[in-house]
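Have a look at input-v8.tsv; it's TSV, C-alpha atoms:
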chain	number	residue	atom	x	y	z
A	1	MET	CA	19.42	-4.82	-3.08
A	2	SER	CA	17.69	-1.53	-2.30
A	3	ALA	CA	15.67	-1.65	0.92
A	4	SER	CA	13.49	1.23	-0.25
A	5	ALA	CA	12.74	-0.61	-3.50
A	6	LEU	CA	11.65	-3.71	-1.60
A	7	GLU	CA	9.40	-1.58	0.61
A	8	SER	CA	7.53	-0.11	-2.37
A	9	ASN	CA	4.01	-1.22	-3.23
A	10	VAL	CA	2.56	-2.98	-6.25
A	11	LEU	CA	-1.08	-2.64	-7.31
A	12	VAL	CA	-2.73	-5.96	-8.17
A	13	LEU	CA	-5.48	-6.07	-10.81
A	14	ASN	CA	-7.76	-8.99	-11.51
A	15	ARG	CA	-8.17	-10.42	-15.01
A	16	PHE	CA	-10.68	-7.67	-15.83
A	17	TYR	CA	-8.27	-4.85	-14.85
A	18	MET	CA	-10.06	-4.10	-11.56
A	19	ALA	CA	-7.88	-3.15	-8.56
A	20	THR	CA	-8.06	-5.89	-5.92
A	21	ARG	CA	-5.28	-5.15	-3.42
A	22	VAL	CA	-1.79	-3.84	-2.77
A	23	VAL	CA	1.10	-6.27	-2.23
A	24	ASN	CA	4.81	-5.99	-1.56
A	25	VAL	CA	7.43	-6.38	-4.28
A	26	ARG	CA	8.40	-9.95	-3.27
A	27	ARG	CA	4.80	-11.16	-3.62
A	28	ALA	CA	4.35	-9.40	-6.96
A	29	LEU	CA	7.55	-10.90	-8.40
A	30	THR	CA	6.56	-14.37	-7.14
A	31	VAL	CA	3.24	-14.42	-9.02
A	32	LEU	CA	4.95	-12.90	-12.05
A	33	TYR	CA	7.70	-15.56	-12.05
A	34	ARG	CA	5.11	-18.35	-11.64
A	35	ASP	CA	3.38	-17.08	-14.80
A	36	CYS	CA	0.23	-16.21	-12.83
A	37	ALA	CA	0.48	-12.51	-13.63
A	38	GLU	CA	1.83	-9.96	-16.08
A	39	VAL	CA	3.29	-6.51	-15.58
A	40	ILE	CA	1.15	-3.60	-16.76
A	41	THR	CA	3.03	-0.41	-17.57
A	42	LEU	CA	2.20	2.92	-19.20
A	43	GLU	CA	4.17	3.65	-22.37
A	44	SER	CA	3.36	6.57	-24.70
A	45	ASP	CA	-0.06	6.99	-23.03
A	46	GLN	CA	-0.95	3.33	-23.59
A	47	TYR	CA	-0.91	0.39	-21.19
A	48	VAL	CA	1.39	-2.44	-22.28
A	49	SER	CA	1.75	-5.91	-20.71
A	50	TYR	CA	4.90	-7.97	-20.11
A	51	ASP	CA	5.42	-11.53	-18.90
A	52	PHE	CA	8.34	-12.31	-16.59
A	53	ASP	CA	10.91	-12.98	-19.33
A	54	SER	CA	10.04	-9.90	-21.37
A	55	TRP	CA	10.02	-7.75	-18.20
A	56	CYS	CA	13.53	-8.98	-17.37
A	57	GLU	CA	14.66	-8.13	-20.91
A	58	LEU	CA	13.10	-4.66	-20.69
A	59	SER	CA	14.75	-4.12	-17.29
A	60	ARG	CA	18.17	-4.82	-18.78
A	61	LEU	CA	17.56	-2.03	-21.29
A	62	THR	CA	15.96	0.54	-18.99
A	63	ALA	CA	18.54	0.08	-16.21
A	64	VAL	CA	21.12	1.73	-18.49
A	65	GLU	CA	19.23	5.04	-18.29
A	66	LYS	CA	17.12	4.98	-15.14
A	67	GLN	CA	14.33	7.50	-14.90
A	68	PRO	CA	13.26	9.42	-11.76
A	69	GLY	CA	10.69	7.48	-9.76
A	70	GLU	CA	11.84	4.06	-10.99
A	71	ASP	CA	13.06	1.44	-8.51
A	72	TYR	CA	15.40	-1.47	-9.25
A	73	ILE	CA	16.51	-4.53	-7.32
A	74	GLN	CA	19.64	-6.54	-7.99
A	75	ALA	CA	18.97	-9.85	-9.74
A	76	VAL	CA	21.61	-12.36	-10.84
A	77	GLY	CA	23.69	-10.50	-13.41
A	78	PHE	CA	21.33	-7.57	-13.96
A	79	GLU	CA	19.04	-5.06	-12.28
A	80	LEU	CA	15.32	-5.82	-12.32
A	81	GLN	CA	12.90	-2.90	-12.44
A	82	VAL	CA	10.24	-3.02	-9.73
A	83	PRO	CA	6.80	-3.20	-11.37
A	84	ARG	CA	4.10	-0.77	-10.20
A	85	ILE	CA	1.11	-2.77	-11.48
A	86	VAL	CA	0.59	-6.49	-12.06
A	87	ARG	CA	-2.51	-8.15	-13.52
A	88	LEU	CA	-3.47	-11.63	-12.40
A	89	THR	CA	-4.13	-13.65	-15.56
A	90	ARG	CA	-6.26	-16.34	-13.85
A	91	PHE	CA	-8.14	-14.39	-11.18
A	92	ASP	CA	-11.46	-12.85	-12.20
A	93	LYS	CA	-13.25	-12.32	-8.88
A	94	VAL	CA	-14.64	-8.85	-8.28
A	95	PRO	CA	-12.92	-7.17	-5.31
A	96	VAL	CA	-14.91	-7.22	-2.08
A	97	ALA	CA	-16.14	-3.79	-1.01
A	98	SER	CA	-15.15	-4.16	2.64
A	99	VAL	CA	-11.66	-3.07	3.71
A	100	ARG	CA	-9.57	-5.48	5.77
A	101	PHE	CA	-9.04	-4.32	9.34
A	102	ASN	CA	-5.29	-4.52	9.94
A	103	ARG	CA	-2.33	-2.48	11.13
A	104	LYS	CA	-1.17	-1.43	7.67
A	105	ASN	CA	-4.61	-0.18	6.64
A	106	LEU	CA	-5.05	1.69	9.94
A	107	PHE	CA	-1.75	3.52	9.45
A	108	ALA	CA	-2.73	4.31	5.85
A	109	ARG	CA	-6.19	5.56	6.87
A	110	ASP	CA	-4.60	8.03	9.29
A	111	LYS	CA	-1.84	8.87	6.77
A	112	HIS	CA	0.85	7.91	9.32
A	113	HIS	CA	-0.08	10.96	11.43
A	114	CYS	CA	-0.52	10.74	15.19
A	115	GLN	CA	-4.18	11.47	15.86
A	116	TYR	CA	-3.30	13.34	19.06
A	117	CYS	CA	-0.34	15.58	18.22
A	118	GLY	CA	-0.68	15.53	14.43
A	119	GLN	CA	2.96	14.66	13.72
A	120	SER	CA	3.83	12.42	10.79
A	121	LYS	CA	6.18	9.60	11.77
A	122	PRO	CA	7.73	6.50	10.17
A	123	THR	CA	5.95	3.24	11.00
A	124	SER	CA	8.70	2.25	13.46
A	125	GLN	CA	7.78	5.28	15.60
A	126	LEU	CA	4.04	4.72	15.51
A	127	SER	CA	1.65	2.62	17.52
A	128	LEU	CA	-2.08	1.95	17.53
A	129	ASP	CA	-4.19	3.31	20.37
A	130	HIS	CA	-7.60	2.26	21.66
A	131	VAL	CA	-9.43	5.59	22.06
A	132	VAL	CA	-11.56	3.98	24.76
A	133	PRO	CA	-9.09	1.59	26.44
A	134	ARG	CA	-9.79	-2.13	26.41
A	135	SER	CA	-9.72	-2.06	30.22
A	136	LEU	CA	-12.79	0.19	30.03
A	137	GLY	CA	-14.57	-2.01	27.49
A	138	GLY	CA	-13.29	-0.32	24.34
A	139	PRO	CA	-13.63	-2.53	21.22
A	140	THR	CA	-10.89	-3.29	18.70
A	141	ASN	CA	-12.45	-1.89	15.53
A	142	TRP	CA	-12.18	0.92	12.98
A	143	GLU	CA	-14.19	3.29	15.18
A	144	ASN	CA	-12.02	2.90	18.30
A	145	ILE	CA	-8.43	2.51	17.01
A	146	VAL	CA	-6.22	5.40	15.87
A	147	CYS	CA	-2.64	5.88	14.74
A	148	CYS	CA	-0.59	7.30	17.60
A	149	CYS	CA	3.06	8.25	18.09
A	150	LEU	CA	4.93	6.44	20.89
A	151	ARG	CA	5.20	9.62	22.96
A	152	CYS	CA	1.45	10.34	22.91
A	153	ASN	CA	0.64	6.67	23.48
A	154	SER	CA	2.80	6.67	26.60
A	155	ARG	CA	1.29	9.95	27.80
A	156	LYS	CA	-2.29	8.75	27.30
A	157	GLY	CA	-1.72	5.36	28.91
A	158	GLY	CA	-4.84	3.40	29.84
A	159	ARG	CA	-7.08	6.47	29.93
A	160	THR	CA	-9.62	8.02	27.59
A	161	PRO	CA	-8.55	11.19	25.74
A	162	GLN	CA	-10.74	13.23	28.10
A	163	GLN	CA	-9.15	11.68	31.18
A	164	ALA	CA	-5.66	12.32	29.76
A	165	LYS	CA	-6.65	15.86	28.68
A	166	MET	CA	-5.71	15.04	25.09
A	167	LYS	CA	-7.71	16.09	22.03
A	168	LEU	CA	-8.45	13.57	19.30
A	169	LEU	CA	-7.82	15.35	15.97
A	170	SER	CA	-10.36	13.35	13.95
A	171	THR	CA	-13.12	10.85	14.61
A	172	PRO	CA	-11.98	7.35	13.60
A	173	LYS	CA	-14.25	5.58	11.15
A	174	ARG	CA	-14.33	2.68	8.72
A	175	PRO	CA	-12.88	3.76	5.33
A	176	ARG	CA	-15.07	3.31	2.24
A	177	HIS	CA	-12.11	2.38	0.03
A	178	ASN	CA	-8.78	0.69	0.65
A	179	PRO	CA	-6.77	3.42	2.43
A	180	GLN	CA	-3.50	2.10	1.00
A	181	LEU	CA	-4.81	2.84	-2.48
A	182	THR	CA	-6.01	6.28	-1.44
A	183	GLN	CA	-2.69	7.09	0.24
A	184	ALA	CA	-0.59	5.80	-2.64
A	185	ALA	CA	-2.50	8.01	-5.09
A	186	GLN	CA	-0.65	10.95	-3.49
A	187	ASP	CA	2.78	9.40	-4.20
A	188	PRO	CA	4.22	10.33	-7.64
A	189	ARG	CA	5.66	6.80	-7.96
A	190	TYR	CA	2.13	5.40	-8.13
A	191	ALA	CA	0.58	7.94	-10.50
A	192	CYS	CA	0.01	5.09	-12.98
A	193	TRP	CA	-2.46	3.52	-10.48
A	194	LYS	CA	-5.02	6.32	-10.76
A	195	THR	CA	-6.73	4.92	-13.83
A	196	PHE	CA	-7.62	1.77	-11.89
A	197	LEU	CA	-8.69	3.31	-8.57
A	198	PRO	CA	-12.28	4.04	-7.51
A	199	ALA	CA	-13.34	7.57	-8.46
A	200	ALA	CA	-14.03	8.39	-4.81
A	201	SER	CA	-10.38	7.75	-3.93

Is it possible to express this structure as structure tokens?
Amino acid sequence: MSASALESNVLVLNRFYMATRVVNVRRALTVLYRDCAEVITLESDQYVSYDFDSWCELSRLTAVEKQPGEDYIQAVGFELQVPRIVRLTRFDKVPVASVRFNRKNLFARDKHHCQYCGQSKPTSQLSLDHVVPRSLGGPTNWENIVCCCLRCNSRKGGRTPQQAKMKLLSTPKRPRHNPQLTQAAQDPRYACWKTFLPAAS
């Protein structure tokens, strides 16, 4: 089973084809298998839907001639293509405008770049830094947390950027749209998402 395939993202739409969130492949396949969702895919400039059984059947056919940008995971007896978009067939709530404050969204907002040295690093080599340290009363929120490489985090320590003589490359702020969606729009694998993303993304 490909680790990179399992790490890829899946866009979740509600019943009215509105983007609600991004989930991992395991979660997407779970709701698909439970018949709570369908796969949405672009074929000949048209969006087509597949339930779990028909997606498995299609995967058996497409795995013979894999195309660039497609990911597959090993199922029992065949390779299953990783879906890029699933639509929940029983969920019709409109997505909430606020963006969840969490580690994944913070990394996505800062595009996995250290906000002190500017280097892009894999998640395993990144940390989150309180611009104003908690020991000095700094809050844990969008406006005071930045993505930071381990080296810069160690160098800064429990000081402010000014005290550590380090320049903050951008002012942290609350994103208007889900940063994972915005970031994924730059990845060719997720080009099919663009139709469903907010125009501002």

Fill in: Top pick for closest residue to Thr89 (chain A), considering A:Asn144, A:Ser154, A:Gln119, A:Asn14 and counting only C-alpha atoms
A:Asn14

Fill in: Atom-to-atom span, CA of Ala37 (chain A) and CA of Pro175 (chain A), Å
28.3 Å

Worksheet item: Quick one, how far is CA of Lys121 (chain A) from CA of Ala108 (chain A)?
Response: 11.9 Å

Item to complete: For CA of Leu61 (chain A) and CA of Gly77 (chain A), quote the distance in Å rounded to one decimal.
Response: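 Interatomic distance, CA of Leu61 (chain A) to CA of Gly77 (chain A): 13.1 Å.
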
Discussion item. Set the distance at 10 Å and use only C-alpha atoms: which residues neighbour region 81-84 of chain A once local chain neighbours fewer than 4 positions away are removed? I'd like the list as an MDAnalysis selection string.
Written reply: chainID A and resid 5:6 8:12 22 25:26 28:29 32 38:42 55:56 58:60 62:63 66 70:75 189:193

Worksheet item: Nearest to Ser170 (chain A): which of A:Arg151, A:Asp129, A:Gly118, A:Gly157 is it, counting all atoms listed in the file?
Response: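 Closest to Ser170 (chain A) of all the choices is A:Gly118.
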
Practice prompt. With a distance cut-off of 9 Å and all atoms listed in the file, select the neighbouring residues of Tyr33 (chain A), excluding the residue or stretch itself and same-chain residues fewer than 5 positions from it, and output the selection as a PyMOL selection string.
Written response: chain A and resi 28+51-53

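Distances from A:His113, A:Lys167, A:Arg103, A:Arg174 to Leu128 (chain A) were compared using only C-alpha atoms, and the smallest one belongs to A:Arg103.
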
Response to the item:
Min atom-atom distance to Val99 (chain A) from the set A:Leu13, A:Cys152, A:Leu181, A:Val64, counting all atoms listed in the file, belongs to A:Leu181

Discussion item. What's around Gln115 (chain A) at 6 Å? Count all atoms listed in the file, leave out sequence neighbours fewer than 4 positions away in its own chain, and write the answer as a PyMOL selection string.
Written reply: chain A and resi 147-148+168-169

Worksheet item: For Val146 (chain A), which residue among A:Ser54, A:Asp110, A:Pro179, A:Asp35 is the nearest when counting all atoms listed in the file?
Response: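 Ranked by minimum distance to Val146 (chain A), first place goes to A:Asp110.
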